[in-house]
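As C-alpha cells, the structure follows; a few thoughts come after it.
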Protein chains: 2
Amino acid sequence: MYNAKAYSAASATSPLASSTIPRRDPAERDVQLDIIFCGICHSDLHYVRDEWNSVMPAVYPCVPGHEIIGRVTKVGSAVTKFKPGDLAGVGCMVDSDHSCPACQSGLEQYCSNMILTYGSPDKHLGGVTYGGYSEGIVVDERFVLRVPSNLDPAGAAPLLCAGITTYSPMRHWNVAKGKKVGIVGIGGLGHMGIKFAHAFGAHVVVFTTSPGKKEDALRLGADEVVISRNADEMNKHAGSFDFILDTVSANHNINEYINLLSRDGNITLVGAPEKPLDVSAFSLIFGRRSLSGSAIGGIAETQEMLDFCGEHKITSDVEVIAIQQVNEAYERLLKSDVKYRFCIDMASLKSE
Amino acid sequence: MYNAKAYSAASATSPLASSTIPRRDPAERDVQLDIIFCGICHSDLHYVRDEWNSVMPAVYPCVPGHEIIGRVTKVGSAVTKFKPGDLAGVGCMVDSDHSCPACQSGLEQYCSNMILTYGSPDKHLGGVTYGGYSEGIVVDERFVLRVPSNLDPAGAAPLLCAGITTYSPMRHWNVAKGKKVGIVGIGGLGHMGIKFAHAFGAHVVVFTTSPGKKEDALRLGADEVVISRNADEMNKHAGSFDFILDTVSANHNINEYINLLSRDGNITLVGAPEKPLDVSAFSLIFGRRSLSGSAIGGIAETQEMLDFCGEHKITSDVEVIAIQQVNEAYERLLKSDVKYRFCIDMASLKSE
C-alpha cells in the first residue's frame, strides 16, 4: 500500500480539495497507472453532491473520476496485455464477478457484483474505491483498456464513459448506413453520439433547445438540426426515426420524441432524469415502438469502441483544465458552459 | 346497398339501442357474413363513450364490435379463399392501403391508412364503418380470416382482438420454452395471454391484485401467481423476467414491473392507460431493459394465431349474452365482473 495525491470531497456540500488516498501495491493481475488526464462526467458531480442518494448513496470522502487515461508504470507478474510505458485507459468499472451470465456475455456493466471505479466497496483495501482525480490508480488488467496511440490523450479520456455510453446502444440497436438516427441534446454525451452516428453512416438529426448550437452540431457530423421547441419542425419528422439516442438528464417531454419513431423504432435513454418520465402508452402501442435504457458498455465493447475511434480519428471535444479549477468547472457544467467535456490535466496535481 | 339490423349508440351518453345501418352489396373481392357471435372488447366501451377523444374521437351513430365470427353468405366473383357456408372471422381492421412498408411487411395494423372495423371513413358508402354488433357485415376478403372448425365459435370470437393482441407481442419478443414470462392482469386480454404463454412452453407467472383470482390463473395455465400488492412477493422475482405482458389499462406503477425484468428484458403494454405512465429512467438503464407497446397483429399473423388455437384447442372463456343485455354488460365490464369476455349471441338481434 502506498499514498497517492488526489482531489476528494469530504461531504455533499464540500468543495473538492487536495488530499491523500491509499492505493494498493499492484498484485499479480494488476496494472499501475500514472494518470495523465481524467475527464469530468456529470455523474461525478451527481455523486459528489449525493444527488443520486436514492439509488447510489455517496460515501465520503469520495474521489470521483472515471474517464482515465494514464501511462503504465508497473504491472503484476501475471499481466499479459500491458507493459510499463503503455498508454492505457480505465472507465467506469474496475472489477466484476467474472462468472455471472452478464460477465459471461461480456456485459460486465450489468453484473450485480460489478465494482465501480469510485464509490464501490474496495475488496483490497476496505472502504470504497477511489476514482481518477488522483495521480495514480491500480486496476485489474481485465478492466484496463488499450488506447490507440494516434489519439490525443486528453480527447480520448471521455471516450471511457461518454464514448462507450453512446457507442454501445447504437451498436445494440443497429445504427448503420441507411438508418435515420436522432440525437437529443448536445453535451458531453450528445456530441459523442453525433460523431459515432455519423461515423456509422447514419442520417443524423440533432435535437437541441439552443439555436446557437446549430452550427456546431453540423460541424460535429449532423445532417440536420431541429430546434426541439419548434413544434412544426418536430412534426415534420413524425414517425420517421429508426433510433433516437436521448442524452438529456434534465426533465423533458419524452413523448415528443417517441412520436418521431417509425414502426419498431427505439429510443434509448442514456441520461437519467431524476424524476420519472411521463410516457404515453398510446405513443408506444401505435407503432410497436420501444423505450429503453443503456448503461456504458462491456469491457470488450469498450476496447472495440476505442479501436474504432483510432481508425476513425474520433475523440471528444475537450476543454483542458487544471485540477485546481475543478470546483469552478462543476459550476460551469451545471450551466452547460463547456464544449463539450472538461478534462483535467493531472500534471497539475503534482504541484499540490 | 341494403339495410342491416344493428345496435348503435347515438351519442357518448346514450345507451346502445336497436337501429338499422346500411351495408354495401358485396363487390368483386368482398365476403358477406351473417354474424353469429361478436365479442365485447373494452375498446368498444371506450369508443362508444368517446373516452379516447384525444386520439380517436368517436363519430355517431356508432356501431362497435370487432371480434366477429360469422357464416359466409355470399362472395364476390374474384374471391378465392371463401365460399358460402364457411365459418369466418373479422377483427379490428377491414382495409389498409396494401402498398406501404407496414402492409408490405404484413403489419397492416401499423398502416397509416388502415381502416378500423368501426369508426373509420367508409370509402364505399361514405360516413364511417360500422362494426359487429350487427346481423351482417361485408368485408374485403383480404381482411377475412378462416376459423378452425373445431373451435367453439363463441369462444373463438375474442381471438380476433384479445387473442391476437396478446399472441403477437409474445411472438415478436420470442416467448418460448425456457423463458420466464409475466402476465399482468387477468381480464379479457390477460387470460388469453396466460393461455398463449403456457402453450408456447414458457414458465408463466401471473400478477394480480385479487387473491380470489389465484385458482383461476392456475387453471388457465399459470405456473405461479403473485399478488402484486405484496412487496415481498414481488421482490422475490426482481430481475428475473425475460418478458412481461402488461394488459392493465387502469393506471398502475409500471416501475414495479420494469424492476422485475432481467437484463435485456422487455415489458410490452397492450392495455392503454389514459394517463401517462411514470417511468423511472434508472430502471431502464440498469439492465438495458425496454418498455414497448403493441397493437393487435397483422392479418397473416392473425390467421397463424387462429390456426395455432385450432391445433392447441385454445379459445377465450366467454359469458354469452343476448344483444339486449349489452348495456348491462358494459356496466359489469367496468367492474371487471366477467370471466373473461362477454360474447354476444347475434341470433338475439333477429327478434328486434
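Labeling convention for the C-alpha cells: chains A, B, ... as they appear, residues from 1 per chain, ligands from 1 in order of appearance.
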
Determine, using only C-alpha atoms, which residues of chain B have any atom at most 10 Å from an atom of chain A, and tabulate each with its shortest atom pair and distance in Å to one decimal place, rows ordered by chain and then rising number, as CSV.
residue,atom,partner,partner_atom,distance
B:Val55,CA,A:Phe282,CA,8.4
B:Pro101,CA,A:Arg263,CA,9.6
B:Ala102,CA,A:Arg263,CA,7.9
B:Leu107,CA,A:Arg263,CA,9.6
B:Gln109,CA,A:Phe286,CA,8.5
B:Tyr110,CA,A:Gly287,CA,5.9
B:Cys111,CA,A:Gly287,CA,9.1
B:Ser112,CA,A:Gly287,CA,9.8
B:Pro169,CA,A:Arg288,CA,8.8
B:His172,CA,A:Arg288,CA,9.9
B:Ser249,CA,A:Ala281,CA,9.4
B:Asn255,CA,A:Pro276,CA,9.4
B:Ser262,CA,A:Tyr110,CA,9.9
B:Arg263,CA,A:Tyr110,CA,7.2
B:Asp264,CA,A:Ser292,CA,9.1
B:Gly265,CA,A:Ser292,CA,10.0
B:Asn266,CA,A:Ser292,CA,8.9
B:Ile267,CA,A:Ser290,CA,9.4
B:Thr268,CA,A:Ser290,CA,8.5
B:Leu269,CA,A:Ala281,CA,7.0
B:Val270,CA,A:Ile285,CA,6.9
B:Gly271,CA,A:Ala281,CA,8.0
B:Ala272,CA,A:Ala281,CA,5.4
B:Pro273,CA,A:Ala281,CA,6.5
B:Glu274,CA,A:Ala281,CA,7.9
B:Lys275,CA,A:Ser280,CA,7.1
B:Pro276,CA,A:Ser280,CA,4.5
B:Leu277,CA,A:Val279,CA,5.0
B:Asp278,CA,A:Asp278,CA,4.9
B:Val279,CA,A:Pro276,CA,4.9
B:Ser280,CA,A:Pro276,CA,4.5
B:Ala281,CA,A:Ala272,CA,5.4
B:Phe282,CA,A:Ala272,CA,6.2
B:Ser283,CA,A:Gly293,CA,7.9
B:Leu284,CA,A:Gly293,CA,4.5
B:Ile285,CA,A:Gly293,CA,3.7
B:Phe286,CA,A:Ala295,CA,6.2
B:Gly287,CA,A:Tyr110,CA,5.9
B:Arg288,CA,A:Ser294,CA,4.6
B:Arg289,CA,A:Ser292,CA,5.6
B:Ser290,CA,A:Ser292,CA,4.1
B:Leu291,CA,A:Leu291,CA,5.1
B:Ser292,CA,A:Ser290,CA,4.1
B:Gly293,CA,A:Ile285,CA,3.7
B:Ser294,CA,A:Ile285,CA,4.5
B:Ala295,CA,A:Ile285,CA,5.4
B:Ile296,CA,A:Ile285,CA,9.2

Selection above as a file: N, CA and C atoms, as a tab-separated table (two decimals), in the first residue's frame:
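Output file again_7.tsv follows:
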chain	number	residue	atom	x	y	z
B	55	VAL	N	-57.30	10.90	-28.99
B	55	VAL	CA	-56.56	10.20	-30.04
B	55	VAL	C	-57.45	9.66	-31.15
B	101	PRO	N	-44.84	0.36	-46.46
B	101	PRO	CA	-43.91	-0.62	-45.88
B	101	PRO	C	-44.56	-1.52	-44.82
B	102	ALA	N	-45.46	-0.95	-44.01
B	102	ALA	CA	-46.12	-1.77	-42.98
B	102	ALA	C	-46.94	-2.88	-43.64
B	107	LEU	N	-47.89	-6.11	-41.72
B	107	LEU	CA	-48.22	-5.45	-40.45
B	107	LEU	C	-49.24	-4.34	-40.71
B	109	GLN	N	-51.75	-3.46	-39.30
B	109	GLN	CA	-52.22	-2.68	-38.13
B	109	GLN	C	-51.43	-1.40	-37.95
B	110	TYR	N	-50.26	-1.30	-38.55
B	110	TYR	CA	-49.47	-0.08	-38.44
B	110	TYR	C	-49.50	0.76	-39.73
B	111	CYS	N	-50.36	0.38	-40.67
B	111	CYS	CA	-50.54	1.16	-41.90
B	111	CYS	C	-51.25	2.46	-41.53
B	112	SER	N	-50.72	3.57	-42.02
B	112	SER	CA	-51.33	4.84	-41.62
B	112	SER	C	-52.67	5.08	-42.33
B	169	PRO	N	-47.36	-9.80	-29.58
B	169	PRO	CA	-46.15	-9.36	-28.89
B	169	PRO	C	-45.34	-10.51	-28.31
B	172	HIS	N	-43.37	-11.71	-31.15
B	172	HIS	CA	-42.37	-10.71	-31.51
B	172	HIS	C	-41.19	-10.74	-30.55
B	249	SER	N	-55.23	-1.61	-18.16
B	249	SER	CA	-55.45	-0.27	-18.71
B	249	SER	C	-55.76	0.74	-17.61
B	255	ASN	N	-43.03	0.84	-12.90
B	255	ASN	CA	-41.64	0.62	-12.46
B	255	ASN	C	-41.50	-0.66	-11.62
B	262	SER	N	-35.22	-9.05	-16.34
B	262	SER	CA	-33.80	-9.38	-16.39
B	262	SER	C	-33.10	-8.42	-17.35
B	263	ARG	N	-31.79	-8.56	-17.48
B	263	ARG	CA	-31.04	-7.78	-18.47
B	263	ARG	C	-31.65	-8.03	-19.85
B	264	ASP	N	-31.84	-6.96	-20.59
B	264	ASP	CA	-32.43	-7.03	-21.93
B	264	ASP	C	-33.88	-7.51	-21.93
B	265	GLY	N	-34.48	-7.56	-20.74
B	265	GLY	CA	-35.89	-7.95	-20.68
B	265	GLY	C	-36.78	-6.85	-21.23
B	266	ASN	N	-37.96	-7.27	-21.67
B	266	ASN	CA	-38.92	-6.32	-22.25
B	266	ASN	C	-40.28	-6.45	-21.58
B	267	ILE	N	-40.88	-5.30	-21.34
B	267	ILE	CA	-42.29	-5.29	-20.91
B	267	ILE	C	-43.09	-4.58	-21.99
B	268	THR	N	-44.14	-5.24	-22.46
B	268	THR	CA	-44.96	-4.67	-23.53
B	268	THR	C	-46.35	-4.35	-23.01
B	269	LEU	N	-46.75	-3.12	-23.30
B	269	LEU	CA	-48.08	-2.66	-22.93
B	269	LEU	C	-49.07	-3.00	-24.03
B	270	VAL	N	-50.17	-3.65	-23.67
B	270	VAL	CA	-51.24	-3.83	-24.65
B	270	VAL	C	-52.53	-3.17	-24.15
B	271	GLY	N	-52.60	-2.93	-22.84
B	271	GLY	CA	-53.66	-2.07	-22.31
B	271	GLY	C	-53.15	-0.64	-22.42
B	272	ALA	N	-54.05	0.29	-22.57
B	272	ALA	CA	-53.61	1.68	-22.75
B	272	ALA	C	-54.20	2.58	-21.67
B	273	PRO	N	-53.44	2.76	-20.57
B	273	PRO	CA	-53.94	3.70	-19.55
B	273	PRO	C	-54.09	5.09	-20.15
B	274	GLU	N	-55.17	5.76	-19.73
B	274	GLU	CA	-55.44	7.11	-20.26
B	274	GLU	C	-54.36	8.10	-19.89
B	275	LYS	N	-53.94	8.04	-18.60
B	275	LYS	CA	-52.90	8.97	-18.13
B	275	LYS	C	-51.52	8.42	-18.46
B	276	PRO	N	-50.54	9.33	-18.66
B	276	PRO	CA	-49.18	8.84	-18.93
B	276	PRO	C	-48.67	8.01	-17.75
B	277	LEU	N	-47.81	7.07	-18.05
B	277	LEU	CA	-47.18	6.25	-17.02
B	277	LEU	C	-45.92	6.95	-16.53
B	278	ASP	N	-45.67	6.90	-15.23
B	278	ASP	CA	-44.42	7.43	-14.68
B	278	ASP	C	-43.34	6.37	-14.82
B	279	VAL	N	-42.35	6.63	-15.64
B	279	VAL	CA	-41.31	5.63	-15.88
B	279	VAL	C	-39.97	6.13	-15.35
B	280	SER	N	-39.34	5.33	-14.52
B	280	SER	CA	-38.02	5.69	-13.98
B	280	SER	C	-36.94	5.33	-14.99
B	281	ALA	N	-36.15	6.34	-15.38
B	281	ALA	CA	-35.07	6.09	-16.34
B	281	ALA	C	-34.06	5.09	-15.77
B	282	PHE	N	-33.78	5.19	-14.47
B	282	PHE	CA	-32.81	4.28	-13.84
B	282	PHE	C	-33.22	2.82	-14.03
B	283	SER	N	-34.51	2.54	-13.87
B	283	SER	CA	-34.98	1.15	-14.00
B	283	SER	C	-34.68	0.60	-15.39
B	284	LEU	N	-34.75	1.47	-16.39
B	284	LEU	CA	-34.48	1.01	-17.76
B	284	LEU	C	-32.98	0.90	-18.02
B	285	ILE	N	-32.22	1.88	-17.52
B	285	ILE	CA	-30.78	1.96	-17.81
B	285	ILE	C	-30.01	0.78	-17.19
B	286	PHE	N	-30.32	0.49	-15.91
B	286	PHE	CA	-29.57	-0.59	-15.26
B	286	PHE	C	-30.17	-1.94	-15.64
B	287	GLY	N	-29.75	-2.45	-16.75
B	287	GLY	CA	-30.25	-3.72	-17.24
B	287	GLY	C	-30.65	-3.66	-18.71
B	288	ARG	N	-30.44	-2.48	-19.32
B	288	ARG	CA	-30.77	-2.32	-20.74
B	288	ARG	C	-32.17	-2.86	-21.05
B	289	ARG	N	-33.09	-2.56	-20.11
B	289	ARG	CA	-34.46	-3.05	-20.27
B	289	ARG	C	-35.22	-2.17	-21.24
B	290	SER	N	-36.31	-2.71	-21.76
B	290	SER	CA	-37.13	-1.90	-22.64
B	290	SER	C	-38.61	-2.02	-22.34
B	291	LEU	N	-39.28	-0.92	-22.61
B	291	LEU	CA	-40.73	-0.80	-22.44
B	291	LEU	C	-41.31	-0.54	-23.82
B	292	SER	N	-42.25	-1.39	-24.24
B	292	SER	CA	-42.80	-1.26	-25.59
B	292	SER	C	-44.32	-1.24	-25.55
B	293	GLY	N	-44.87	-0.98	-26.70
B	293	GLY	CA	-46.29	-1.16	-26.90
B	293	GLY	C	-46.50	-2.08	-28.08
B	294	SER	N	-47.71	-2.60	-28.18
B	294	SER	CA	-48.02	-3.45	-29.33
B	294	SER	C	-49.51	-3.35	-29.60
B	295	ALA	N	-49.86	-3.25	-30.86
B	295	ALA	CA	-51.27	-3.15	-31.26
B	295	ALA	C	-51.65	-4.39	-32.06
B	296	ILE	N	-52.72	-5.03	-31.67
B	296	ILE	CA	-53.25	-6.25	-32.31
B	296	ILE	C	-52.17	-7.03	-33.05

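Within the 7 Å cut-off around Ile40 of chain B, using only C-alpha atoms and omitting residues fewer than 5 positions from it on the same chain, the listed residues are Gly65, Arg341, Phe342 and Cys343 of chain B.
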
Checklist entry - If you run DSSP on this backbone, which residues of segment 41-206 of chain A come out as alpha helix (DSSP H), and could you give them as a ChimeraX atom specification? => result /A:42-48,101-104,153-156,162-172,188-199

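From atom CA of Ile36 of chain A back to atom CA of Phe82 of chain A, the distance works out to 16.7 Å.
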
Checklist entry - Can you list every residue in segment 27-191 of chain B that DSSP puts in strand (DSSP E or B), as a PyMOL selection string? => result chain B and resi 30-39+62+68-75+87-90+93-95+115-116+121+128+134+136-140+145-146+180-184

Item to check | Pick from A:Arg71, A:Arg146, A:Lys123, A:Lys339, whichever lies nearest to Gly190 of chain A using only C-alpha atoms | outcome: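 The answer is A:Lys339, which sits nearest to Gly190 of chain A.
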
Item to check | Residues within 12 Å of Leu159 of chain B, only C-alpha atoms, excluding chain neighbours under 4 positions, as JSON, numbers by chain | outcome: {"B": [37, 38, 39, 40, 41, 66, 67, 68, 69, 89, 90, 91, 92, 145, 146, 147, 148, 151, 152, 153, 154, 155, 163, 164, 165, 166, 167, 168, 188, 189, 191, 192, 193, 195, 196, 296, 297, 301, 302, 303, 304, 305, 306, 307, 308, 309, 310, 313, 314, 315, 316, 317, 318, 341, 343]}

Checklist entry - Residues at most 10 Å from Ala6 of chain A, counting only C-alpha atoms, excluding those fewer than 2 positions away in the same chain, as a list of chain:residue names? => result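 Residues meeting the cut-off are A:Asn3, A:Ala4, A:Ser8, A:Leu16, A:Ala17, A:Ser18, A:Ser19, A:Thr20, A:Ile21, A:Pro22, A:Cys62, A:Val63, A:Pro64, A:Tyr130, A:Gly131, A:Gly132, A:Tyr133, A:Ser134, A:Glu135, A:Gly136, A:Ile323, A:Met346, A:Leu349, A:Lys350, A:Glu352.
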
Next on the checklist: To one decimal place in Å, what is the distance between atom CA of Ala157 of chain A and atom CA of Gly70 of chain A?
Outcome noted: 9.1 Å

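Using only C-alpha atoms, the residues found no farther than 6 Å from segment 228-244 of chain B, other than those of its own chain fewer than 5 positions away, are Lys180, Val181, Gly182, Ile183, Phe207, Thr208, Thr209, Asn259, Leu260, Leu261, Ser262, Gly265, Asn266 and Ile267 of chain B.
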
Just write the chosen residues, C-alpha atoms, as a PDB file, in the first residue's frame.
ATOM      1  CA  LYS B 180     -39.831 -16.718 -17.783  1.00  0.00           C
ATOM      2  CA  VAL B 181     -42.889 -14.707 -18.710  1.00  0.00           C
ATOM      3  CA  GLY B 182     -45.119 -12.471 -16.618  1.00  0.00           C
ATOM      4  CA  ILE B 183     -48.717 -11.581 -17.361  1.00  0.00           C
ATOM      5  CA  PHE B 207     -49.648 -10.825 -11.426  1.00  0.00           C
ATOM      6  CA  THR B 208     -52.989  -9.865  -9.979  1.00  0.00           C
ATOM      7  CA  THR B 209     -54.292  -7.554  -7.290  1.00  0.00           C
ATOM      8  CA  ASN B 259     -37.625  -3.865 -11.951  1.00  0.00           C
ATOM      9  CA  LEU B 260     -38.675  -7.491 -12.338  1.00  0.00           C
ATOM     10  CA  LEU B 261     -37.125  -7.698 -15.824  1.00  0.00           C
ATOM     11  CA  SER B 262     -33.801  -9.380 -16.395  1.00  0.00           C
ATOM     12  CA  GLY B 265     -35.886  -7.954 -20.680  1.00  0.00           C
ATOM     13  CA  ASN B 266     -38.916  -6.320 -22.248  1.00  0.00           C
ATOM     14  CA  ILE B 267     -42.288  -5.288 -20.905  1.00  0.00           C
TER      15      ILE B 267
END

Checklist entry - Leaving out Leu333 of chain A and any residue of its chain fewer than 4 positions from it, which residues lie within 9 Å of it when counting only C-alpha atoms, given as a list in words? => result His42, Leu45, Glu328, Ala329, Asp337, Val338, Arg341 and Phe342 of chain A

Preceding selection exported with all heavy atoms as a PDB file, in the first residue's frame:
ATOM      1  N   HIS A  42     -20.758  14.260 -15.831  1.00  0.00           N
ATOM      2  CA  HIS A  42     -21.812  14.825 -14.983  1.00  0.00           C
ATOM      3  C   HIS A  42     -22.112  13.901 -13.791  1.00  0.00           C
ATOM      4  O   HIS A  42     -22.519  14.353 -12.727  1.00  0.00           O
ATOM      5  CB  HIS A  42     -23.074  15.087 -15.809  1.00  0.00           C
ATOM      6  CG  HIS A  42     -23.890  16.222 -15.271  1.00  0.00           C
ATOM      7  ND1 HIS A  42     -24.167  17.363 -15.967  1.00  0.00           N
ATOM      8  CD2 HIS A  42     -24.467  16.393 -14.059  1.00  0.00           C
ATOM      9  CE1 HIS A  42     -24.885  18.189 -15.225  1.00  0.00           C
ATOM     10  NE2 HIS A  42     -25.075  17.623 -14.063  1.00  0.00           N
ATOM     11  N   LEU A  45     -20.325  14.856 -10.617  1.00  0.00           N
ATOM     12  CA  LEU A  45     -20.991  15.927  -9.865  1.00  0.00           C
ATOM     13  C   LEU A  45     -22.203  15.370  -9.096  1.00  0.00           C
ATOM     14  O   LEU A  45     -22.374  15.654  -7.915  1.00  0.00           O
ATOM     15  CB  LEU A  45     -21.408  17.020 -10.851  1.00  0.00           C
ATOM     16  CG  LEU A  45     -21.937  18.332 -10.306  1.00  0.00           C
ATOM     17  CD1 LEU A  45     -21.737  19.436 -11.357  1.00  0.00           C
ATOM     18  CD2 LEU A  45     -23.400  18.261  -9.948  1.00  0.00           C
ATOM     19  N   GLU A 328     -14.859  25.127  -9.963  1.00  0.00           N
ATOM     20  CA  GLU A 328     -15.398  26.103 -10.912  1.00  0.00           C
ATOM     21  C   GLU A 328     -15.979  25.376 -12.143  1.00  0.00           C
ATOM     22  O   GLU A 328     -17.042  25.731 -12.667  1.00  0.00           O
ATOM     23  CB  GLU A 328     -14.246  27.021 -11.318  1.00  0.00           C
ATOM     24  CG  GLU A 328     -14.566  28.134 -12.271  1.00  0.00           C
ATOM     25  CD  GLU A 328     -13.277  28.710 -12.902  1.00  0.00           C
ATOM     26  OE1 GLU A 328     -12.191  28.623 -12.260  1.00  0.00           O
ATOM     27  OE2 GLU A 328     -13.360  29.210 -14.028  1.00  0.00           O
ATOM     28  N   ALA A 329     -15.277  24.355 -12.577  1.00  0.00           N
ATOM     29  CA  ALA A 329     -15.755  23.573 -13.729  1.00  0.00           C
ATOM     30  C   ALA A 329     -17.113  22.935 -13.424  1.00  0.00           C
ATOM     31  O   ALA A 329     -18.004  22.889 -14.280  1.00  0.00           O
ATOM     32  CB  ALA A 329     -14.733  22.500 -14.096  1.00  0.00           C
ATOM     33  N   ASP A 337     -21.936  25.131 -19.667  1.00  0.00           N
ATOM     34  CA  ASP A 337     -20.949  26.061 -20.214  1.00  0.00           C
ATOM     35  C   ASP A 337     -19.627  25.338 -20.482  1.00  0.00           C
ATOM     36  O   ASP A 337     -18.604  25.620 -19.857  1.00  0.00           O
ATOM     37  CB  ASP A 337     -20.759  27.222 -19.219  1.00  0.00           C
ATOM     38  CG  ASP A 337     -19.690  28.203 -19.679  1.00  0.00           C
ATOM     39  OD1 ASP A 337     -19.396  28.245 -20.893  1.00  0.00           O
ATOM     40  OD2 ASP A 337     -19.143  28.916 -18.812  1.00  0.00           O
ATOM     41  N   VAL A 338     -19.683  24.388 -21.405  1.00  0.00           N
ATOM     42  CA  VAL A 338     -18.460  23.682 -21.801  1.00  0.00           C
ATOM     43  C   VAL A 338     -18.687  23.039 -23.157  1.00  0.00           C
ATOM     44  O   VAL A 338     -19.781  22.550 -23.442  1.00  0.00           O
ATOM     45  CB  VAL A 338     -18.055  22.607 -20.754  1.00  0.00           C
ATOM     46  CG1 VAL A 338     -19.180  21.611 -20.500  1.00  0.00           C
ATOM     47  CG2 VAL A 338     -16.772  21.878 -21.171  1.00  0.00           C
ATOM     48  N   ARG A 341     -16.634  18.700 -23.012  1.00  0.00           N
ATOM     49  CA  ARG A 341     -16.271  17.930 -21.833  1.00  0.00           C
ATOM     50  C   ARG A 341     -15.059  18.600 -21.205  1.00  0.00           C
ATOM     51  O   ARG A 341     -14.109  18.929 -21.917  1.00  0.00           O
ATOM     52  CB  ARG A 341     -15.881  16.504 -22.306  1.00  0.00           C
ATOM     53  CG  ARG A 341     -15.995  15.419 -21.256  1.00  0.00           C
ATOM     54  CD  ARG A 341     -17.416  15.096 -20.930  1.00  0.00           C
ATOM     55  NE  ARG A 341     -17.598  13.757 -20.390  1.00  0.00           N
ATOM     56  CZ  ARG A 341     -18.774  13.314 -19.941  1.00  0.00           C
ATOM     57  NH1 ARG A 341     -19.836  14.087 -19.966  1.00  0.00           N
ATOM     58  NH2 ARG A 341     -18.892  12.090 -19.478  1.00  0.00           N
ATOM     59  N   PHE A 342     -15.110  18.774 -19.889  1.00  0.00           N
ATOM     60  CA  PHE A 342     -13.897  19.193 -19.196  1.00  0.00           C
ATOM     61  C   PHE A 342     -12.986  17.987 -19.050  1.00  0.00           C
ATOM     62  O   PHE A 342     -13.449  16.867 -18.805  1.00  0.00           O
ATOM     63  CB  PHE A 342     -14.220  19.730 -17.793  1.00  0.00           C
ATOM     64  CG  PHE A 342     -14.883  21.075 -17.802  1.00  0.00           C
ATOM     65  CD1 PHE A 342     -16.207  21.225 -17.396  1.00  0.00           C
ATOM     66  CD2 PHE A 342     -14.172  22.208 -18.200  1.00  0.00           C
ATOM     67  CE1 PHE A 342     -16.820  22.468 -17.396  1.00  0.00           C
ATOM     68  CE2 PHE A 342     -14.782  23.459 -18.200  1.00  0.00           C
ATOM     69  CZ  PHE A 342     -16.109  23.585 -17.803  1.00  0.00           C
TER      70      PHE A 342
END

Item to check | Coordinates-based distance that separates atom CA of Met1 of chain A from atom CA of Lys74 of chain A (Å, one decimal) | outcome: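 For atom CA of Lys74 of chain A relative to atom CA of Met1 of chain A, the distance reads 13.9 Å.
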